[in-house]
>>> print(open('my_file_11.cif').read())   # mmCIF, C-alpha atoms (C1' of nucleotides)
data_protein
loop_
_atom_site.label_atom_id
_atom_site.label_comp_id
_atom_site.auth_asym_id
_atom_site.auth_seq_id
_atom_site.Cartn_x
_atom_site.Cartn_y
_atom_site.Cartn_z
CA MET A 16 0.00 0.00 0.00
CA ALA A 17 0.95 3.60 -0.59
CA ARG A 18 3.81 4.92 -2.69
CA PRO A 19 6.65 2.46 -3.29
CA ALA A 20 10.28 3.51 -2.86
CA GLN A 21 11.82 4.81 -6.06
CA PHE A 22 15.32 3.50 -5.39
CA GLU A 23 16.78 0.01 -5.29
CA ARG A 24 18.09 -0.62 -1.81
CA ASP A 25 21.07 -2.60 -3.08
CA ASP A 26 22.04 0.10 -5.56
CA VAL A 27 22.07 2.69 -2.81
CA LEU A 28 24.03 0.42 -0.45
CA GLU A 29 26.58 -0.35 -3.14
CA LYS A 30 27.14 3.34 -3.80
CA ALA A 31 27.27 4.28 -0.12
CA MET A 32 29.64 1.38 0.53
CA GLN A 33 32.04 2.62 -2.12
CA VAL A 34 32.16 6.05 -0.52
CA PHE A 35 32.71 4.72 3.01
CA TRP A 36 35.31 2.32 1.68
CA GLU A 37 37.14 5.02 -0.22
CA GLN A 38 37.12 7.71 2.43
CA GLY A 39 36.50 6.07 5.79
CA TYR A 40 33.52 6.62 8.07
CA ASN A 41 34.50 9.88 9.72
CA ALA A 42 35.79 11.50 6.56
CA THR A 43 32.54 10.72 4.75
CA SER A 44 29.94 13.47 4.98
CA MET A 45 26.24 13.04 4.50
CA ALA A 46 26.59 15.53 1.64
CA SER A 47 28.89 13.15 -0.23
CA LEU A 48 26.51 10.27 0.43
CA VAL A 49 23.66 12.39 -0.94
CA ASP A 50 25.79 13.02 -4.02
CA ALA A 51 26.78 9.39 -4.47
CA THR A 52 23.35 7.90 -3.97
CA SER A 53 21.36 10.65 -5.71
CA LEU A 54 18.91 10.48 -2.84
CA LYS A 55 17.83 13.52 -0.86
CA PRO A 56 18.76 13.65 2.84
CA GLY A 57 15.18 13.00 3.87
CA SER A 58 14.99 9.79 1.86
CA ILE A 59 18.24 8.51 3.33
CA TYR A 60 17.09 9.20 6.87
CA ALA A 61 13.69 7.68 6.20
CA ALA A 62 15.33 4.49 4.95
CA PHE A 63 18.38 4.17 7.19
CA ASP A 64 17.74 6.37 10.26
CA SER A 65 21.18 7.93 10.46
CA LYS A 66 24.66 8.02 9.01
CA GLU A 67 25.54 5.17 11.33
CA GLY A 68 22.50 3.19 10.17
CA LEU A 69 23.46 3.63 6.55
CA PHE A 70 27.02 2.64 7.40
CA LEU A 71 25.96 -0.53 9.16
CA ALA A 72 23.76 -1.48 6.21
CA ALA A 73 26.63 -0.75 3.81
CA LEU A 74 28.94 -2.82 6.02
CA ASP A 75 26.56 -5.77 5.83
CA HIS A 76 26.37 -5.30 2.09
CA TYR A 77 30.16 -5.37 1.88
CA ALA A 78 30.47 -8.44 4.10
CA GLN A 79 27.88 -10.30 2.05
CA GLN A 80 29.91 -9.70 -1.10
CA SER A 81 33.13 -10.62 0.68
CA VAL A 82 31.82 -13.92 1.94
CA ALA A 83 30.44 -14.75 -1.51
CA ARG A 84 33.75 -13.91 -3.17
CA ILE A 85 35.77 -16.05 -0.77
CA LYS A 86 33.33 -18.91 -1.05
CA ARG A 87 33.67 -18.76 -4.82
CA ALA A 88 37.47 -18.65 -4.64
CA LEU A 89 37.64 -21.61 -2.30
CA ALA A 90 35.11 -23.65 -4.26
CA GLY A 91 36.70 -22.82 -7.61
CA ALA A 92 39.90 -24.76 -6.98
CA ASP A 93 40.58 -28.44 -7.51
CA THR A 94 41.26 -29.08 -3.82
CA PRO A 95 40.57 -27.21 -0.54
CA LEU A 96 44.22 -26.34 0.04
CA GLN A 97 44.64 -25.20 -3.55
CA GLY A 98 41.67 -22.93 -2.99
CA ILE A 99 43.34 -21.32 -0.01
CA ARG A 100 46.63 -20.97 -1.84
CA ASN A 101 44.97 -19.39 -4.85
CA PHE A 102 43.08 -17.00 -2.63
CA PHE A 103 46.25 -15.72 -0.98
CA LEU A 104 48.27 -15.58 -4.19
CA ASN A 105 45.51 -13.51 -5.70
CA MET A 106 45.34 -11.34 -2.62
CA GLY A 107 49.07 -10.68 -2.91
CA LYS A 108 48.57 -9.50 -6.46
CA GLU A 109 45.68 -7.26 -5.45
CA ALA A 110 47.69 -5.73 -2.61
CA ALA A 111 50.30 -4.62 -5.11
CA GLY A 112 47.77 -3.42 -7.66
CA GLU A 113 46.46 0.04 -8.43
CA CYS A 114 43.25 -0.43 -6.54
CA ALA A 115 45.23 -1.14 -3.38
CA GLY A 116 45.34 1.27 -0.51
CA ARG A 117 41.72 1.16 0.33
CA SER A 118 42.32 -2.15 2.04
CA CYS A 119 39.18 -3.90 3.17
CA LEU A 120 36.20 -2.08 4.62
CA LEU A 121 35.96 -4.52 7.53
CA VAL A 122 39.61 -4.04 8.49
CA ASN A 123 39.37 -0.28 8.12
CA THR A 124 36.31 -0.33 10.33
CA VAL A 125 38.00 -2.38 13.06
CA LEU A 126 40.71 0.22 13.34
CA GLU A 127 38.75 3.40 12.75
CA ILE A 128 35.53 3.05 14.68
CA ALA A 129 34.86 -0.39 16.14
CA ARG A 130 36.72 0.53 19.31
CA GLN A 131 34.42 3.48 19.92
CA ASN A 132 31.16 1.86 18.90
CA GLU A 133 30.10 -1.45 20.37
CA MET A 134 27.38 -2.07 17.80
CA VAL A 135 29.83 -1.66 14.94
CA GLN A 136 32.38 -3.76 16.78
CA LYS A 137 30.00 -6.67 17.18
CA ARG A 138 28.80 -6.45 13.62
CA VAL A 139 32.33 -6.47 12.19
CA ASN A 140 33.37 -9.34 14.44
CA ARG A 141 30.41 -11.38 13.29
CA HIS A 142 31.30 -10.83 9.64
CA LEU A 143 34.94 -11.68 10.28
CA ALA A 144 33.90 -14.86 12.10
CA ASP A 145 31.81 -15.86 9.10
CA ILE A 146 34.86 -15.53 6.88
CA GLU A 147 37.09 -17.40 9.30
CA ALA A 148 34.57 -20.24 9.33
CA LEU A 149 35.03 -20.61 5.58
CA PHE A 150 38.76 -21.05 5.97
CA LEU A 151 38.36 -23.40 8.91
CA HIS A 152 36.01 -25.53 6.85
CA ALA A 153 38.48 -25.66 3.98
CA LEU A 154 41.37 -26.52 6.31
CA LYS A 155 39.43 -29.38 7.88
CA ALA A 156 38.52 -30.68 4.44
CA ALA A 157 42.18 -30.49 3.45
CA GLN A 158 43.13 -32.45 6.52
CA ALA A 159 40.44 -35.01 5.83
CA ASN A 160 41.68 -35.68 2.32
CA GLY A 161 45.31 -35.83 3.38
CA GLU A 162 46.39 -32.54 1.77
CA LEU A 163 47.13 -31.00 5.15
CA LEU A 164 49.32 -32.91 7.60
CA PRO A 165 47.36 -34.45 10.50
CA ASP A 166 49.53 -32.77 13.14
CA LYS A 167 48.44 -29.30 12.02
CA ASP A 168 45.84 -27.43 14.07
CA PRO A 169 43.10 -26.19 11.71
CA LYS A 170 41.67 -23.72 14.22
CA ALA A 171 45.03 -22.14 14.93
CA LEU A 172 45.78 -22.03 11.21
CA ALA A 173 42.44 -20.41 10.44
CA ALA A 174 43.11 -17.72 13.04
CA PHE A 175 46.57 -17.26 11.56
CA LEU A 176 45.19 -16.97 8.04
CA MET A 177 42.74 -14.28 9.16
CA THR A 178 45.58 -12.37 10.79
CA SER A 179 47.54 -12.75 7.57
CA ILE A 180 44.69 -11.33 5.53
CA TRP A 181 44.60 -8.31 7.80
CA GLY A 182 48.34 -7.90 7.58
CA LEU A 183 48.17 -8.09 3.80
CA ARG A 184 45.46 -5.44 3.78
CA VAL A 185 47.70 -3.07 5.68
CA LEU A 186 50.62 -4.06 3.46
CA GLY A 187 48.48 -3.07 0.50
CA GLY A 188 48.03 0.34 2.10
CA THR A 189 51.78 0.96 1.98
CA LYS A 190 51.93 0.79 -1.84
CA PRO A 191 54.26 -2.21 -1.88
CA THR A 192 55.94 -3.70 -4.96
CA PRO A 193 54.52 -6.91 -6.45
CA ALA A 194 57.75 -8.69 -5.49
CA ARG A 195 57.28 -7.69 -1.88
CA THR A 196 53.71 -8.90 -1.57
CA LYS A 197 54.65 -12.11 -3.39
CA ALA A 198 57.45 -12.76 -0.93
CA VAL A 199 55.15 -12.24 2.05
CA VAL A 200 52.46 -14.53 0.65
CA ASN A 201 55.03 -17.21 -0.15
CA GLN A 202 56.29 -17.07 3.40
CA LEU A 203 52.92 -17.42 5.05
CA LEU A 204 51.79 -20.17 2.69
CA THR A 205 54.68 -22.37 3.79
CA LEU A 206 52.81 -22.82 7.06
CA LEU A 207 50.31 -24.94 5.15
CA ASP A 208 52.99 -27.43 4.04
CA MET B 28 65.69 36.74 22.10
CA ALA B 29 62.08 37.51 22.90
CA ARG B 30 59.67 35.48 24.97
CA PRO B 31 60.42 31.75 25.21
CA ALA B 32 57.69 29.15 24.73
CA GLN B 33 55.95 28.16 27.95
CA PHE B 34 55.29 24.56 26.99
CA GLU B 35 57.55 21.57 26.51
CA ARG B 36 57.27 20.42 22.92
CA ASP B 37 57.55 16.74 23.85
CA ASP B 38 54.84 17.04 26.51
CA VAL B 39 52.47 18.54 24.00
CA LEU B 40 53.31 15.94 21.36
CA GLU B 41 52.83 13.11 23.83
CA LYS B 42 49.39 14.40 24.79
CA ALA B 43 48.34 15.09 21.21
CA MET B 44 49.61 11.66 20.16
CA GLN B 45 47.46 9.97 22.80
CA VAL B 46 44.36 11.72 21.51
CA PHE B 47 45.05 10.90 17.85
CA TRP B 48 45.86 7.34 18.82
CA GLU B 49 42.72 6.93 20.88
CA GLN B 50 40.27 8.53 18.47
CA GLY B 51 41.84 8.57 15.03
CA TYR B 52 42.72 11.60 12.96
CA ASN B 53 39.33 12.54 11.56
CA ALA B 54 37.46 11.94 14.79
CA THR B 55 39.86 14.19 16.70
CA SER B 56 38.78 17.82 16.83
CA MET B 57 41.05 20.76 17.47
CA ALA B 58 38.87 21.44 20.50
CA SER B 59 39.87 18.10 22.04
CA LEU B 60 43.52 18.79 21.24
CA VAL B 61 43.19 22.17 22.94
CA ASP B 62 41.75 20.37 25.95
CA ALA B 63 44.40 17.66 26.02
CA THR B 64 47.39 19.92 25.56
CA SER B 65 46.11 22.84 27.65
CA LEU B 66 47.32 25.13 24.90
CA LYS B 67 45.16 27.75 23.26
CA PRO B 68 44.37 27.37 19.54
CA GLY B 69 46.69 30.24 18.65
CA SER B 70 49.65 28.60 20.36
CA ILE B 71 49.05 25.32 18.61
CA TYR B 72 48.85 26.98 15.23
CA ALA B 73 51.92 29.08 15.93
CA ALA B 74 53.91 25.96 16.80
CA PHE B 75 52.52 23.39 14.38
CA ASP B 76 50.78 25.32 11.56
CA SER B 77 47.68 23.14 11.36
CA LYS B 78 45.93 20.04 12.63
CA GLU B 79 47.83 18.08 10.00
CA GLY B 80 51.11 19.61 11.12
CA LEU B 81 50.46 18.66 14.72
CA PHE B 82 49.47 15.19 13.60
CA LEU B 83 52.66 14.70 11.61
CA ALA B 84 54.72 15.83 14.58
CA ALA B 85 52.78 13.50 16.87
CA LEU B 86 53.29 10.69 14.37
CA ASP B 87 57.05 11.26 14.41
CA HIS B 88 56.93 11.29 18.19
CA TYR B 89 55.10 7.98 18.17
CA ALA B 90 57.48 6.39 15.67
CA GLN B 91 60.48 7.50 17.68
CA GLN B 92 59.10 5.76 20.77
CA SER B 93 58.18 2.69 18.73
CA VAL B 94 61.62 2.30 17.25
CA ALA B 95 63.22 2.75 20.66
CA ARG B 96 60.92 0.17 22.23
CA ILE B 97 61.60 -2.42 19.53
CA LYS B 98 65.34 -1.77 19.68
CA ARG B 99 65.23 -2.34 23.44
CA ALA B 100 63.21 -5.53 23.07
CA LEU B 101 65.56 -6.95 20.45
CA ALA B 102 68.68 -5.96 22.34
CA GLY B 103 67.36 -7.23 25.67
CA ALA B 104 67.37 -10.89 24.69
CA ASP B 105 70.25 -13.35 24.83
CA THR B 106 70.27 -13.91 21.08
CA PRO B 107 68.81 -12.09 18.03
CA LEU B 108 66.20 -14.74 17.32
CA GLN B 109 65.20 -14.88 20.97
CA GLY B 110 64.69 -11.12 20.81
CA ILE B 111 62.32 -11.50 17.89
CA ARG B 112 60.46 -14.33 19.57
CA ASN B 113 60.10 -12.39 22.79
CA PHE B 114 58.85 -9.36 20.90
CA PHE B 115 56.07 -11.32 19.22
CA LEU B 116 55.12 -13.27 22.32
CA ASN B 117 54.79 -10.02 24.17
CA MET B 118 52.82 -8.51 21.31
CA GLY B 119 50.41 -11.43 21.46
CA LYS B 120 49.82 -10.73 25.13
CA GLU B 121 49.30 -7.03 24.48
CA ALA B 122 46.82 -7.73 21.69
CA ALA B 123 44.66 -9.66 24.14
CA GLY B 124 45.06 -7.11 26.93
CA GLU B 125 42.75 -4.33 28.04
CA CYS B 126 44.70 -1.64 26.25
CA ALA B 127 44.12 -3.43 22.96
CA GLY B 128 41.83 -2.03 20.32
CA ARG B 129 43.72 1.11 19.68
CA SER B 130 46.18 -0.91 17.69
CA CYS B 131 49.20 1.06 16.55
CA LEU B 132 49.07 4.66 15.43
CA LEU B 133 51.14 3.92 12.34
CA VAL B 134 48.83 1.11 11.23
CA ASN B 135 45.73 3.15 11.96
CA THR B 136 47.20 5.96 9.92
CA VAL B 137 47.97 3.74 6.93
CA LEU B 138 44.34 2.71 6.74
CA GLU B 139 42.62 5.94 7.74
CA ILE B 140 44.43 8.74 5.96
CA ALA B 141 47.66 7.73 4.22
CA ARG B 142 45.75 6.89 1.06
CA GLN B 143 44.35 10.39 0.84
CA ASN B 144 47.44 12.30 1.89
CA GLU B 145 50.75 11.73 0.17
CA MET B 146 52.79 13.51 2.81
CA VAL B 147 51.35 11.33 5.56
CA GLN B 148 51.77 8.25 3.39
CA LYS B 149 55.48 8.89 2.85
CA ARG B 150 56.08 9.71 6.49
CA VAL B 151 54.40 6.52 7.71
CA ASN B 152 56.22 4.40 5.15
CA ARG B 153 59.54 5.84 6.27
CA HIS B 154 58.82 4.99 9.90
CA LEU B 155 57.68 1.49 8.98
CA ALA B 156 60.84 0.99 6.93
CA ASP B 157 62.93 2.00 9.94
CA ILE B 158 61.21 -0.67 12.02
CA GLU B 159 61.57 -3.30 9.31
CA ALA B 160 65.29 -2.52 9.16
CA LEU B 161 65.58 -3.45 12.84
CA PHE B 162 64.06 -6.86 12.20
CA LEU B 163 66.13 -7.40 9.08
CA HIS B 164 69.26 -6.63 11.07
CA ALA B 165 68.28 -9.09 13.79
CA LEU B 166 67.45 -11.79 11.24
CA LYS B 167 70.81 -11.38 9.52
CA ALA B 168 72.56 -11.58 12.86
CA ALA B 169 70.61 -14.73 13.67
CA GLN B 170 71.66 -16.24 10.39
CA ALA B 171 75.27 -15.25 10.96
CA ASN B 172 75.41 -16.97 14.34
CA GLY B 173 73.65 -20.09 13.09
CA GLU B 174 70.36 -19.53 14.93
CA LEU B 175 68.47 -19.09 11.67
CA LEU B 176 68.91 -21.70 8.94
CA PRO B 177 71.06 -20.51 6.04
CA ASP B 178 68.39 -21.30 3.45
CA LYS B 179 65.99 -18.74 4.93
CA ASP B 180 65.58 -15.39 3.20
CA PRO B 181 65.99 -12.60 5.81
CA LYS B 182 64.46 -9.92 3.60
CA ALA B 183 61.37 -11.98 2.87
CA LEU B 184 61.10 -12.90 6.53
CA ALA B 185 61.42 -9.28 7.62
CA ALA B 186 58.62 -8.30 5.25
CA PHE B 187 56.57 -11.18 6.58
CA LEU B 188 57.19 -10.17 10.19
CA MET B 189 56.04 -6.63 9.46
CA THR B 190 52.89 -7.98 7.86
CA SER B 191 52.40 -10.16 10.92
CA ILE B 192 52.72 -7.17 13.22
CA TRP B 193 50.05 -5.38 11.26
CA GLY B 194 47.82 -8.43 11.31
CA LEU B 195 48.26 -8.72 15.07
CA ARG B 196 47.34 -5.06 15.49
CA VAL B 197 44.07 -5.64 13.69
CA LEU B 198 43.57 -8.87 15.65
CA GLY B 199 43.96 -6.81 18.80
CA GLY B 200 41.15 -4.57 17.55
CA THR B 201 38.75 -7.52 17.53
CA LYS B 202 39.00 -8.08 21.29
CA PRO B 203 40.45 -11.59 20.95
CA THR B 204 41.04 -14.07 23.78
CA PRO B 205 44.60 -14.58 25.03
CA ALA B 206 44.46 -18.16 23.74
CA ARG B 207 43.62 -16.93 20.28
CA THR B 208 46.46 -14.42 20.05
CA LYS B 209 48.86 -16.99 21.51
CA ALA B 210 47.87 -19.51 18.85
CA VAL B 211 48.42 -16.99 16.06
CA VAL B 212 51.82 -15.94 17.40
CA ASN B 213 52.89 -19.56 17.79
CA GLN B 214 51.94 -20.24 14.20
CA LEU B 215 53.85 -17.36 12.72
CA LEU B 216 56.92 -17.97 14.86
CA THR B 217 57.32 -21.46 13.41
CA LEU B 218 58.48 -19.77 10.21
CA LEU B 219 61.67 -18.84 12.06
CA ASP B 220 62.52 -22.49 12.82
"C1'" DT C 29 65.30 51.71 30.24
"C1'" DC C 30 62.95 50.47 26.23
"C1'" DA C 31 62.03 49.23 21.42
"C1'" DA C 32 62.00 44.82 19.20
"C1'" DT C 33 60.73 40.25 19.28
"C1'" DA C 34 58.25 36.09 20.21
"C1'" DG C 35 54.56 33.63 22.66
"C1'" DT C 36 49.83 33.74 24.68
"C1'" DT C 37 45.05 34.52 24.72
"C1'" DG C 38 40.20 33.64 23.65
"C1'" DA C 39 36.58 35.54 21.08
"C1'" DA C 40 35.11 35.16 16.63
"C1'" DC C 41 35.07 33.60 11.51
"C1'" DG C 42 32.86 31.27 7.56
"C1'" DA C 43 32.26 26.57 6.30
"C1'" DT C 44 30.54 22.41 6.95
"C1'" DC C 45 28.59 18.92 9.93
"C1'" DA C 46 24.59 15.47 10.81
"C1'" DC C 47 20.02 15.93 10.72
"C1'" DT C 48 14.80 17.73 10.48
"C1'" DC C 49 10.41 18.87 8.70
"C1'" DA C 50 6.46 20.81 6.42
"C1'" DA C 51 4.86 20.77 1.88
"C1'" DC C 52 4.27 17.86 -1.84
"C1'" DT C 53 3.58 13.62 -4.85
"C1'" DA C 54 2.61 9.03 -6.04
"C1'" DT C 55 0.30 4.76 -5.04
"C1'" DT C 56 -2.79 2.02 -2.44
"C1'" DG C 57 -7.49 -0.40 -1.02
"C1'" DT C 58 -12.26 0.46 -1.21
"C1'" DA D 30 -13.36 8.92 -6.93
"C1'" DC D 31 -10.96 9.54 -2.83
"C1'" DA D 32 -9.12 9.12 1.88
"C1'" DA D 33 -5.16 6.88 3.73
"C1'" DT D 34 -0.58 5.76 3.37
"C1'" DA D 35 4.21 6.03 2.27
"C1'" DG D 36 8.07 8.24 -0.23
"C1'" DT D 37 10.21 12.57 -1.96
"C1'" DT D 38 11.91 17.09 -1.69
"C1'" DG D 39 15.31 20.68 -0.45
"C1'" DA D 40 15.58 24.61 2.31
"C1'" DG D 41 16.82 25.17 6.85
"C1'" DT D 42 18.32 23.78 11.92
"C1'" DG D 43 21.80 24.47 15.69
"C1'" DA D 44 26.20 22.60 16.60
"C1'" DT D 45 30.72 22.02 15.70
"C1'" DC D 46 34.49 22.12 12.47
"C1'" DG D 47 39.52 23.99 11.54
"C1'" DT D 48 41.41 28.33 11.65
"C1'" DT D 49 42.47 33.39 12.36
"C1'" DC D 50 43.76 37.62 14.60
"C1'" DA D 51 44.15 41.81 17.22
"C1'" DA D 52 45.19 42.75 21.85
"C1'" DC D 53 48.19 41.48 25.34
"C1'" DT D 54 52.35 39.70 27.96
"C1'" DA D 55 56.90 38.23 28.75
"C1'" DT D 56 61.66 38.27 27.47
"C1'" DT D 57 65.46 39.86 24.84
"C1'" DG D 58 69.78 42.84 23.30
"C1'" DA D 59 71.56 47.38 23.37
#
>>> encode(input="my_file_11.cif", output="structure tokens")
Amino acid sequence: MARPAQFERDDVLEKAMQVFWEQGYNATSMASLVDATSLKPGSIYAAFDSKEGLFLAALDHYAQQSVARIKRALAGADTPLQGIRNFFLNMGKEAAGECAGRSCLLVNTVLEIARQNEMVQKRVNRHLADIEALFLHALKAAQANGELLPDKDPKALAAFLMTSIWGLRVLGGTKPTPARTKAVVNQLLTLLD
Amino acid sequence: MARPAQFERDDVLEKAMQVFWEQGYNATSMASLVDATSLKPGSIYAAFDSKEGLFLAALDHYAQQSVARIKRALAGADTPLQGIRNFFLNMGKEAAGECAGRSCLLVNTVLEIARQNEMVQKRVNRHLADIEALFLHALKAAQANGELLPDKDPKALAAFLMTSIWGLRVLGGTKPTPARTKAVVNQLLTLLD
DNA sequence: TCAATAGTTGAACGATCACTCAACTATTGT
DNA sequence: ACAATAGTTGAGTGATCGTTCAACTATTGA
């Protein structure tokens, strides 16, 4: 009943996400979100309550895409361990690429605002846990099929891989050379042997 | 000649650094810096030109302390490799401690503003390179005295250790359990065996 | 002793911040 | 056809942003 919304929620979230990702939460003004989404302030507030509300929705949107992308990467390989290797090799390339520097919205959020905002903190942690679960699942599968040595600890390795992802995201922010990111990825991947 | 400054530059930088560290660059207002330093706006601008100028000075102040702390940690151990191990074990404990969450000012800066500010980017990268040089030096020493296997690549390991530091800083921002940080540190330290 | 110099002070600046709201428009069920 | 409902609009809110500056104070060399 009544007038339907004239915008696609996902379109708006995608655009808002890009702005938050590019500039960070605090450096992003409502004015720039109004620009990016082509919505008027009133429509944004009607749909998302506040800047924080829009950010949380954009964060969820980002996490959803992230999880899907990682799932695809892991499933696209011949074996679980190959999937993990490919993911990190690709991540090393990305970190040295042009698009680098904006890191990962979840990581940026942990460092910029999660500490000062419990709601954001919990939301980010939940998304990160979802991603870690994907790696843990792959590591267990690798151990089950003999790819990963039985004496390895999948949970510890999954936590380590997450920490490595975060480190690589920061590395990407330092405008590293491809050789440098390659070397780092090669080092950390030897822990899977 | 003329009236001497009434404040100690290092005192002011220490206080400003704490605020930037706690809240991030964009979330820190000049008003809060005025509060923290007990200087009036005019004095701050006379001494540091701008918020960015004060931030850069505070960043240098932070890096100076960081380098000194790492030097001390590495020099305080019986052997070079022990120094590195101790440093990371201690870092794991810190990341799980109460003070966690504010990560490291250099890492925060890489992700929050370095991308949008070339001057900041270069300054942070220089400080990070200084720290990496300390680890590289220790790794070479470890290799020279037989602690580190000759087939290891010190430069690649140093880059990996830096990436691990950054990862641990983000890990600290997720309010992890001590067991979790310990597991991650144990994993990454096996690369030195 | 005193002009010159440098630091201090805090009120005030225009710009921008996140956000609101009353008027308006489109779509609904009846 | 029309009242009820929901979405849109954009000018406008007070607050706060980073920054400035003219008046003032302390210290200097001569």
>>> residues_around(input="my_file_11.cif", residues="region 118-122 of chain A", least_positions_apart="3", cutoff="7 Å", atoms="only C-alpha atoms (C1' of nucleotides)", output="PyMOL selection string")
chain A and resi 36+115+125-126+139+181+184-185+187-188
>>> atom_distance(input="my_file_11.cif", atom1="CA of Pro68 (chain B)", atom2="C1' of DT33 (chain C)")
20.8 Å
>>> atom_distance(input="my_file_11.cif", atom1="CA of Asn213 (chain B)", atom2="CA of Asp93 (chain A)")
29.5 Å
>>> closest_atom_pairs(input="my_file_11.cif", of="chain C", to="chain B", cutoff="9 Å", atoms="all atoms listed in the file", output="JSON lines")
{"residue": "C:DA32", "atom": "C1'", "partner": "B:Ala29", "partner_atom": "CA", "distance": 8.2}
{"residue": "C:DT33", "atom": "C1'", "partner": "B:Ala29", "partner_atom": "CA", "distance": 4.7}
{"residue": "C:DA34", "atom": "C1'", "partner": "B:Ala29", "partner_atom": "CA", "distance": 4.9}
{"residue": "C:DG35", "atom": "C1'", "partner": "B:Ala32", "partner_atom": "CA", "distance": 5.8}
{"residue": "C:DT36", "atom": "C1'", "partner": "B:Ser70", "partner_atom": "CA", "distance": 6.7}
{"residue": "C:DT37", "atom": "C1'", "partner": "B:Lys67", "partner_atom": "CA", "distance": 6.9}
{"residue": "C:DG38", "atom": "C1'", "partner": "B:Lys67", "partner_atom": "CA", "distance": 7.7}
>>> residues_around(input="my_file_11.cif", residues="Gln136 (chain A)", least_positions_apart="4", cutoff="9 Å", atoms="all atoms listed in the file", output="ChimeraX atom specification")
/A:124-125,128-132,140-141 /B:200-201
>>> resolve_selection(input="my_file_11.cif", expression="the PyMOL selection byres ((chain B and resi 191) around 8)", output="ChimeraX atom specification")
/A:178-179,182 /B:187-190,192-195,215
>>> closest_residue(input="my_file_11.cif", among="C:DA40, C:DA51, C:DA46, C:DT56", to="DT49 (chain D)", atoms="all atoms listed in the file")
C:DA40
>>> residues_around(input="my_file_11.cif", residues="Val200 (chain A)", least_positions_apart="4", cutoff="9 Å", atoms="all atoms listed in the file", output="ChimeraX atom specification")
/A:103-104,106-107,179,183,195-196,204-205 /B:187
>>> interface_residues(input="my_file_11.cif", of="chain D", to="chain A", cutoff="9 Å", atoms="only C-alpha atoms (C1' of nucleotides)", output="ChimeraX atom specification")
/D:33-39
>>> residues_around(input="my_file_11.cif", residues="Gln170 (chain B)", least_positions_apart="2", cutoff="12 Å", atoms="only C-alpha atoms (C1' of nucleotides)", output="list of chain:residue names")
B:Thr106, B:Pro107, B:Leu108, B:Leu163, B:His164, B:Ala165, B:Leu166, B:Lys167, B:Ala168, B:Asn172, B:Gly173, B:Glu174, B:Leu175, B:Leu176, B:Pro177, B:Asp178, B:Lys179, B:Asp180, B:Pro181, B:Lys182, B:Leu184, B:Leu219, B:Asp220
>>> residues_near_point(input="my_file_11.cif", point="(32.3, 26.1, 6.8)", cutoff="8 Å", atoms="only C-alpha atoms (C1' of nucleotides)", output="list in words")
DG42, DA43 and DT44 of chain C; DC46 of chain D
>>> resolve_selection(input="my_file_11.cif", expression="the PyMOL selection byres ((chain D and resi 43) around 12)", output="PyMOL selection string")
(chain C and resi 45-48) or (chain D and resi 41-42+44-45)
>>> atom_distance(input="my_file_11.cif", atom1="CA of Ala171 (chain B)", atom2="CA of Ser93 (chain B)")
26.0 Å
>>> resolve_selection(input="my_file_11.cif", expression="the PyMOL selection byres ((chain C and resi 29) around 12)", output="list in words")
DC30 and DA31 of chain C; DA59 of chain D
>>> closest_residue(input="my_file_11.cif", among="A:Leu143, A:Ala51, A:Ala194, A:Ala171", to="chain B", atoms="all atoms listed in the file")
A:Ala171
>>> decode(input="my_file_11.cif", residues="region 177-197 of chain A", atoms="C-alpha atoms", output="PDB file, in the first residue's frame")
ATOM      1  CA  MET A 177      42.744 -14.279   9.164  1.00  0.00           C
ATOM      2  CA  THR A 178      45.580 -12.375  10.792  1.00  0.00           C
ATOM      3  CA  SER A 179      47.540 -12.751   7.569  1.00  0.00           C
ATOM      4  CA  ILE A 180      44.687 -11.331   5.529  1.00  0.00           C
ATOM      5  CA  TRP A 181      44.599  -8.309   7.801  1.00  0.00           C
ATOM      6  CA  GLY A 182      48.339  -7.897   7.579  1.00  0.00           C
ATOM      7  CA  LEU A 183      48.171  -8.087   3.797  1.00  0.00           C
ATOM      8  CA  ARG A 184      45.458  -5.445   3.779  1.00  0.00           C
ATOM      9  CA  VAL A 185      47.703  -3.072   5.681  1.00  0.00           C
ATOM     10  CA  LEU A 186      50.617  -4.057   3.460  1.00  0.00           C
ATOM     11  CA  GLY A 187      48.478  -3.067   0.496  1.00  0.00           C
ATOM     12  CA  GLY A 188      48.031   0.338   2.102  1.00  0.00           C
ATOM     13  CA  THR A 189      51.782   0.958   1.977  1.00  0.00           C
ATOM     14  CA  LYS A 190      51.930   0.792  -1.843  1.00  0.00           C
ATOM     15  CA  PRO A 191      54.255  -2.213  -1.885  1.00  0.00           C
ATOM     16  CA  THR A 192      55.936  -3.698  -4.961  1.00  0.00           C
ATOM     17  CA  PRO A 193      54.521  -6.911  -6.448  1.00  0.00           C
ATOM     18  CA  ALA A 194      57.751  -8.693  -5.494  1.00  0.00           C
ATOM     19  CA  ARG A 195      57.280  -7.688  -1.882  1.00  0.00           C
ATOM     20  CA  THR A 196      53.713  -8.896  -1.572  1.00  0.00           C
ATOM     21  CA  LYS A 197      54.652 -12.107  -3.393  1.00  0.00           C
TER      22      LYS A 197
END
